[in-house]
>>> print(open('work_9.cif').read())   # mmCIF, C-alpha atoms
data_work
#
loop_
_atom_site.label_atom_id
_atom_site.label_comp_id
_atom_site.auth_asym_id
_atom_site.auth_seq_id
_atom_site.Cartn_x
_atom_site.Cartn_y
_atom_site.Cartn_z
CA MET A 1 -167.53 -40.59 89.44
CA GLY A 2 -167.13 -39.92 85.71
CA ASP A 3 -163.91 -39.11 83.91
CA SER A 4 -165.00 -35.51 83.39
CA SER A 5 -164.47 -34.83 87.08
CA LYS A 6 -160.82 -35.92 86.91
CA GLN A 7 -158.13 -33.34 86.37
CA LYS A 8 -156.28 -33.63 83.08
CA ILE A 9 -152.57 -34.33 82.92
CA LEU A 10 -150.61 -34.02 79.69
CA ILE A 11 -147.72 -36.48 79.36
CA VAL A 12 -145.16 -35.43 76.75
CA ASP A 13 -142.53 -38.03 75.90
CA ASP A 14 -141.27 -39.48 72.62
CA SER A 15 -141.02 -42.91 74.25
CA GLU A 16 -144.29 -44.78 74.03
CA MET A 17 -143.10 -47.02 76.86
CA ASN A 18 -142.49 -44.06 79.18
CA ARG A 19 -145.92 -42.63 78.35
CA PHE A 20 -147.49 -46.03 78.99
CA ILE A 21 -145.78 -46.41 82.40
CA LEU A 22 -146.83 -42.91 83.50
CA THR A 23 -150.38 -43.41 82.20
CA GLN A 24 -150.66 -46.67 84.15
CA MET A 25 -149.50 -44.89 87.31
CA LEU A 26 -151.80 -41.90 86.91
CA GLN A 27 -154.96 -42.95 85.10
CA SER A 28 -156.91 -43.97 88.21
CA GLU A 29 -156.54 -40.45 89.61
CA TYR A 30 -156.36 -38.33 86.46
CA SER A 31 -157.59 -38.09 82.93
CA VAL A 32 -154.38 -38.56 80.90
CA LEU A 33 -153.60 -36.89 77.57
CA GLU A 34 -150.49 -37.92 75.65
CA ALA A 35 -148.17 -36.27 73.15
CA GLY A 36 -145.22 -37.98 71.46
CA ASP A 37 -143.27 -34.79 70.76
CA GLY A 38 -143.15 -31.10 71.53
CA ASP A 39 -145.09 -30.06 68.42
CA ARG A 40 -148.01 -32.28 69.36
CA ALA A 41 -147.81 -31.06 72.98
CA VAL A 42 -148.22 -27.47 71.82
CA GLU A 43 -151.23 -28.49 69.68
CA VAL A 44 -152.87 -30.17 72.68
CA LEU A 45 -152.13 -27.14 74.86
CA ARG A 46 -153.59 -24.81 72.22
CA GLU A 47 -156.80 -26.84 72.22
CA GLN A 48 -157.09 -27.56 75.95
CA ALA A 49 -154.81 -25.27 77.97
CA GLY A 50 -157.74 -24.21 80.15
CA GLU A 51 -158.45 -27.78 81.19
CA ILE A 52 -154.94 -29.15 81.79
CA ALA A 53 -153.88 -29.27 85.45
CA LEU A 54 -150.31 -30.46 84.98
CA VAL A 55 -147.74 -31.25 82.27
CA LEU A 56 -145.16 -34.02 82.66
CA LEU A 57 -142.51 -33.11 80.13
CA ASP A 58 -139.52 -34.98 78.73
CA ILE A 59 -136.61 -32.80 77.60
CA ILE A 60 -135.00 -34.88 74.88
CA MET A 61 -137.42 -35.37 71.97
CA PRO A 62 -137.27 -35.06 68.19
CA HIS A 63 -138.58 -31.92 66.44
CA MET A 64 -139.37 -29.61 69.37
CA ASP A 65 -137.72 -30.60 72.65
CA GLY A 66 -138.99 -29.97 76.18
CA PHE A 67 -137.23 -26.61 76.39
CA GLY A 68 -139.03 -25.58 73.20
CA VAL A 69 -142.36 -26.52 74.76
CA LEU A 70 -141.52 -24.50 77.89
CA GLU A 71 -140.57 -21.51 75.72
CA VAL A 72 -143.94 -21.64 73.94
CA MET A 73 -145.75 -22.06 77.27
CA ASN A 74 -143.99 -18.95 78.59
CA ARG A 75 -144.73 -16.99 75.42
CA GLU A 76 -148.42 -17.97 75.44
CA GLY A 77 -148.81 -17.40 79.18
CA TRP A 78 -149.90 -21.02 79.79
CA ILE A 79 -147.02 -21.49 82.25
CA ASP A 80 -148.82 -19.08 84.61
CA ASP A 81 -151.68 -21.56 85.04
CA ILE A 82 -150.19 -24.97 84.28
CA PRO A 83 -147.35 -26.37 86.37
CA VAL A 84 -144.73 -28.34 84.44
CA ILE A 85 -142.72 -31.19 85.91
CA ILE A 86 -139.70 -32.19 83.86
CA ILE A 87 -139.03 -35.90 83.61
CA SER A 88 -135.65 -36.66 82.16
CA SER A 89 -132.63 -38.89 82.36
CA ASP A 90 -130.53 -35.77 81.66
CA ARG A 91 -129.34 -34.78 85.14
CA THR A 92 -126.79 -32.19 84.04
CA PRO A 93 -126.88 -28.99 86.10
CA THR A 94 -127.26 -27.04 82.84
CA ALA A 95 -130.45 -28.90 81.91
CA ILE A 96 -131.91 -28.57 85.40
CA GLU A 97 -131.02 -24.88 85.57
CA ARG A 98 -132.53 -24.18 82.16
CA ALA A 99 -135.74 -26.03 83.10
CA TYR A 100 -136.13 -23.88 86.23
CA GLU A 101 -135.28 -20.70 84.29
CA LEU A 102 -138.15 -21.58 81.97
CA ARG A 103 -140.36 -21.91 85.05
CA ALA A 104 -140.72 -25.66 85.41
CA VAL A 105 -141.81 -26.42 88.98
CA ASP A 106 -139.95 -29.66 89.49
CA PHE A 107 -137.42 -32.00 87.93
CA ILE A 108 -137.77 -35.78 88.29
CA SER A 109 -135.11 -38.07 86.95
CA ARG A 110 -135.72 -41.40 85.29
CA PRO A 111 -136.04 -44.23 86.02
CA PHE A 112 -138.82 -43.39 88.44
CA ASP A 113 -141.32 -45.11 90.65
CA ALA A 114 -144.83 -44.07 91.61
#
>>> encode(input="work_9.cif", output="structure tokens")
Amino acid sequence: MGDSSKQKILIVDDSEMNRFILTQMLQSEYSVLEAGDGDRAVEVLREQAGEIALVLLDIIMPHMDGFGVLEVMNREGWIDDIPVIIISSDRTPTAIERAYELRAVDFISRPFDA
């Protein structure tokens, strides 16, 4: 079974270590794309929105944060087709509420296990 048959997941996190851990957990099942910040995530989505099955999104990042990415995804209509799971160590009710308002489907807190 070639990689082309795997669904694509976009991992957006400014921590290379976090991206590495998630990639290790997911790469046997999925084709993994990575972005180190929100700006890059939006570029990847612009290029491949039709092929991405899921976005794992950190909130706290330099430049454009996770909320910014969600805002763009809502504006562009990508959120209608691509579920977003927030992965963050920020467990404040405000952050969680805002993520759901921006139509994230789930909120996972770090540290996490497979």
>>> resolve_selection(input="work_9.cif", expression="the PyMOL selection byres ((chain A and resi 43) around 12)", output="ChimeraX atom specification")
/A:10,12,33-42,44-49,64,69,72-73
>>> atom_distance(input="work_9.cif", atom1="atom CA of A:Tyr100", atom2="atom CA of A:Gly77")
15.9 Å
>>> resolve_selection(input="work_9.cif", expression="the PyMOL selection byres ((chain A and resi 21) around 12)", output="PDB file with C-alpha atoms, in the frame of the given file")
ATOM      1  CA  ILE A  11    -147.720 -36.480  79.360  1.00  0.00           C
ATOM      2  CA  ASP A  13    -142.530 -38.030  75.900  1.00  0.00           C
ATOM      3  CA  SER A  15    -141.020 -42.910  74.250  1.00  0.00           C
ATOM      4  CA  GLU A  16    -144.290 -44.780  74.030  1.00  0.00           C
ATOM      5  CA  MET A  17    -143.100 -47.020  76.860  1.00  0.00           C
ATOM      6  CA  ASN A  18    -142.490 -44.060  79.180  1.00  0.00           C
ATOM      7  CA  ARG A  19    -145.920 -42.630  78.350  1.00  0.00           C
ATOM      8  CA  PHE A  20    -147.490 -46.030  78.990  1.00  0.00           C
ATOM      9  CA  LEU A  22    -146.830 -42.910  83.500  1.00  0.00           C
ATOM     10  CA  THR A  23    -150.380 -43.410  82.200  1.00  0.00           C
ATOM     11  CA  GLN A  24    -150.660 -46.670  84.150  1.00  0.00           C
ATOM     12  CA  MET A  25    -149.500 -44.890  87.310  1.00  0.00           C
ATOM     13  CA  LEU A  26    -151.800 -41.900  86.910  1.00  0.00           C
ATOM     14  CA  GLN A  27    -154.960 -42.950  85.100  1.00  0.00           C
ATOM     15  CA  VAL A  32    -154.380 -38.560  80.900  1.00  0.00           C
ATOM     16  CA  GLU A  34    -150.490 -37.920  75.650  1.00  0.00           C
ATOM     17  CA  ARG A 110    -135.720 -41.400  85.290  1.00  0.00           C
ATOM     18  CA  PRO A 111    -136.040 -44.230  86.020  1.00  0.00           C
ATOM     19  CA  PHE A 112    -138.820 -43.390  88.440  1.00  0.00           C
ATOM     20  CA  ASP A 113    -141.320 -45.110  90.650  1.00  0.00           C
ATOM     21  CA  ALA A 114    -144.830 -44.070  91.610  1.00  0.00           C
TER      22      ALA A 114
END
>>> closest_residue(input="work_9.cif", among="A:Asp81, A:Met61, A:Asn74, A:Leu56", to="A:Phe107", atoms="only C-alpha atoms")
A:Leu56
>>> closest_residue(input="work_9.cif", among="A:Ile59, A:Ile52, A:Ile9, A:Leu70", to="A:Ala104", atoms="all atoms listed in the file")
A:Leu70
>>> closest_residue(input="work_9.cif", among="A:Glu71, A:Tyr30, A:Lys6, A:Asp106", to="A:Val84", atoms="all atoms listed in the file")
A:Asp106
>>> closest_residue(input="work_9.cif", among="A:Glu101, A:Glu29, A:Asp65, A:Asp14", to="A:Ile79", atoms="all atoms listed in the file")
A:Glu101
>>> atom_distance(input="work_9.cif", atom1="atom CA of A:Trp78", atom2="atom CA of A:Glu97")
20.1 Å
>>> residues_around(input="work_9.cif", residues="A:Asp90", least_positions_apart="6", cutoff="10 Å", atoms="all atoms listed in the file", output="ChimeraX atom specification")
/A:58-60,96,108-110
>>> atom_distance(input="work_9.cif", atom1="atom CA of A:Arg103", atom2="atom CA of A:Ile85")
9.6 Å
>>> axis_aligned_box(input="work_9.cif", around="stretch 65-78 of chain A", padding_each_side="6 Å", output="JSON")
{"center_x": -143.6, "center_y": -23.8, "center_z": 76.2, "size_x": 24.7, "size_y": 25.6, "size_z": 19.1}
>>> build_atoms(input="work_9.cif", residues="stretch 79-90 of chain A", atoms="all heavy atoms", output="short mmCIF file (atom, residue, chain, number, x, y, z; two decimals), keeping the file's coordinate frame")
data_model
loop_
_atom_site.label_atom_id
_atom_site.label_comp_id
_atom_site.auth_asym_id
_atom_site.auth_seq_id
_atom_site.Cartn_x
_atom_site.Cartn_y
_atom_site.Cartn_z
N ILE A 79 -147.86 -21.10 81.11
CA ILE A 79 -147.02 -21.49 82.25
C ILE A 79 -147.52 -20.85 83.55
O ILE A 79 -147.25 -21.34 84.63
CB ILE A 79 -145.52 -21.13 81.98
CG1 ILE A 79 -144.59 -21.92 82.89
CG2 ILE A 79 -145.26 -19.64 82.11
CD1 ILE A 79 -144.25 -23.30 82.40
N ASP A 80 -148.27 -19.75 83.43
CA ASP A 80 -148.82 -19.08 84.61
C ASP A 80 -149.87 -19.95 85.29
O ASP A 80 -150.08 -19.85 86.49
CB ASP A 80 -149.45 -17.73 84.24
CG ASP A 80 -148.41 -16.76 83.69
OD1 ASP A 80 -147.24 -16.84 84.13
OD2 ASP A 80 -148.75 -15.94 82.83
N ASP A 81 -150.55 -20.77 84.51
CA ASP A 81 -151.68 -21.56 85.04
C ASP A 81 -151.41 -23.05 85.11
O ASP A 81 -152.13 -23.78 85.79
CB ASP A 81 -152.92 -21.35 84.16
CG ASP A 81 -153.28 -19.87 84.05
OD1 ASP A 81 -153.35 -19.21 85.10
OD2 ASP A 81 -153.45 -19.38 82.92
N ILE A 82 -150.42 -23.52 84.35
CA ILE A 82 -150.19 -24.97 84.28
C ILE A 82 -148.78 -25.30 84.76
O ILE A 82 -147.80 -24.96 84.11
CB ILE A 82 -150.35 -25.48 82.82
CG1 ILE A 82 -151.68 -25.04 82.23
CG2 ILE A 82 -150.22 -27.01 82.79
CD1 ILE A 82 -151.78 -25.26 80.73
N PRO A 83 -148.68 -25.97 85.92
CA PRO A 83 -147.35 -26.37 86.37
C PRO A 83 -146.75 -27.43 85.45
O PRO A 83 -147.47 -28.27 84.92
CB PRO A 83 -147.59 -26.93 87.78
CG PRO A 83 -149.05 -27.14 87.90
CD PRO A 83 -149.74 -26.35 86.83
N VAL A 84 -145.44 -27.38 85.28
CA VAL A 84 -144.73 -28.34 84.44
C VAL A 84 -143.69 -29.06 85.28
O VAL A 84 -142.86 -28.42 85.94
CB VAL A 84 -144.03 -27.65 83.25
CG1 VAL A 84 -143.23 -28.67 82.43
CG2 VAL A 84 -145.04 -26.93 82.36
N ILE A 85 -143.74 -30.39 85.26
CA ILE A 85 -142.72 -31.19 85.91
C ILE A 85 -141.89 -31.84 84.81
O ILE A 85 -142.44 -32.50 83.93
CB ILE A 85 -143.33 -32.28 86.82
CG1 ILE A 85 -144.09 -31.61 87.99
CG2 ILE A 85 -142.23 -33.21 87.35
CD1 ILE A 85 -144.81 -32.58 88.89
N ILE A 86 -140.60 -31.60 84.85
CA ILE A 86 -139.70 -32.19 83.86
C ILE A 86 -139.36 -33.61 84.29
O ILE A 86 -139.04 -33.84 85.46
CB ILE A 86 -138.38 -31.37 83.75
CG1 ILE A 86 -138.67 -29.93 83.32
CG2 ILE A 86 -137.39 -32.05 82.81
CD1 ILE A 86 -139.16 -29.76 81.91
N ILE A 87 -139.45 -34.53 83.35
CA ILE A 87 -139.03 -35.90 83.61
C ILE A 87 -137.95 -36.22 82.60
O ILE A 87 -138.20 -36.21 81.40
CB ILE A 87 -140.22 -36.87 83.46
CG1 ILE A 87 -141.24 -36.55 84.55
CG2 ILE A 87 -139.74 -38.31 83.53
CD1 ILE A 87 -142.45 -37.39 84.51
N SER A 88 -136.73 -36.46 83.10
CA SER A 88 -135.65 -36.66 82.16
C SER A 88 -134.54 -37.50 82.76
O SER A 88 -134.36 -37.52 83.98
CB SER A 88 -135.07 -35.31 81.74
OG SER A 88 -134.06 -35.49 80.78
N SER A 89 -133.81 -38.16 81.89
CA SER A 89 -132.63 -38.89 82.36
C SER A 89 -131.41 -37.96 82.29
O SER A 89 -130.33 -38.31 82.75
CB SER A 89 -132.41 -40.14 81.51
OG SER A 89 -132.52 -39.82 80.15
N ASP A 90 -131.60 -36.76 81.72
CA ASP A 90 -130.53 -35.77 81.66
C ASP A 90 -130.46 -35.03 83.00
O ASP A 90 -131.30 -34.19 83.29
CB ASP A 90 -130.80 -34.78 80.52
CG ASP A 90 -129.70 -33.73 80.37
OD1 ASP A 90 -128.79 -33.69 81.24
OD2 ASP A 90 -129.75 -32.96 79.41
#
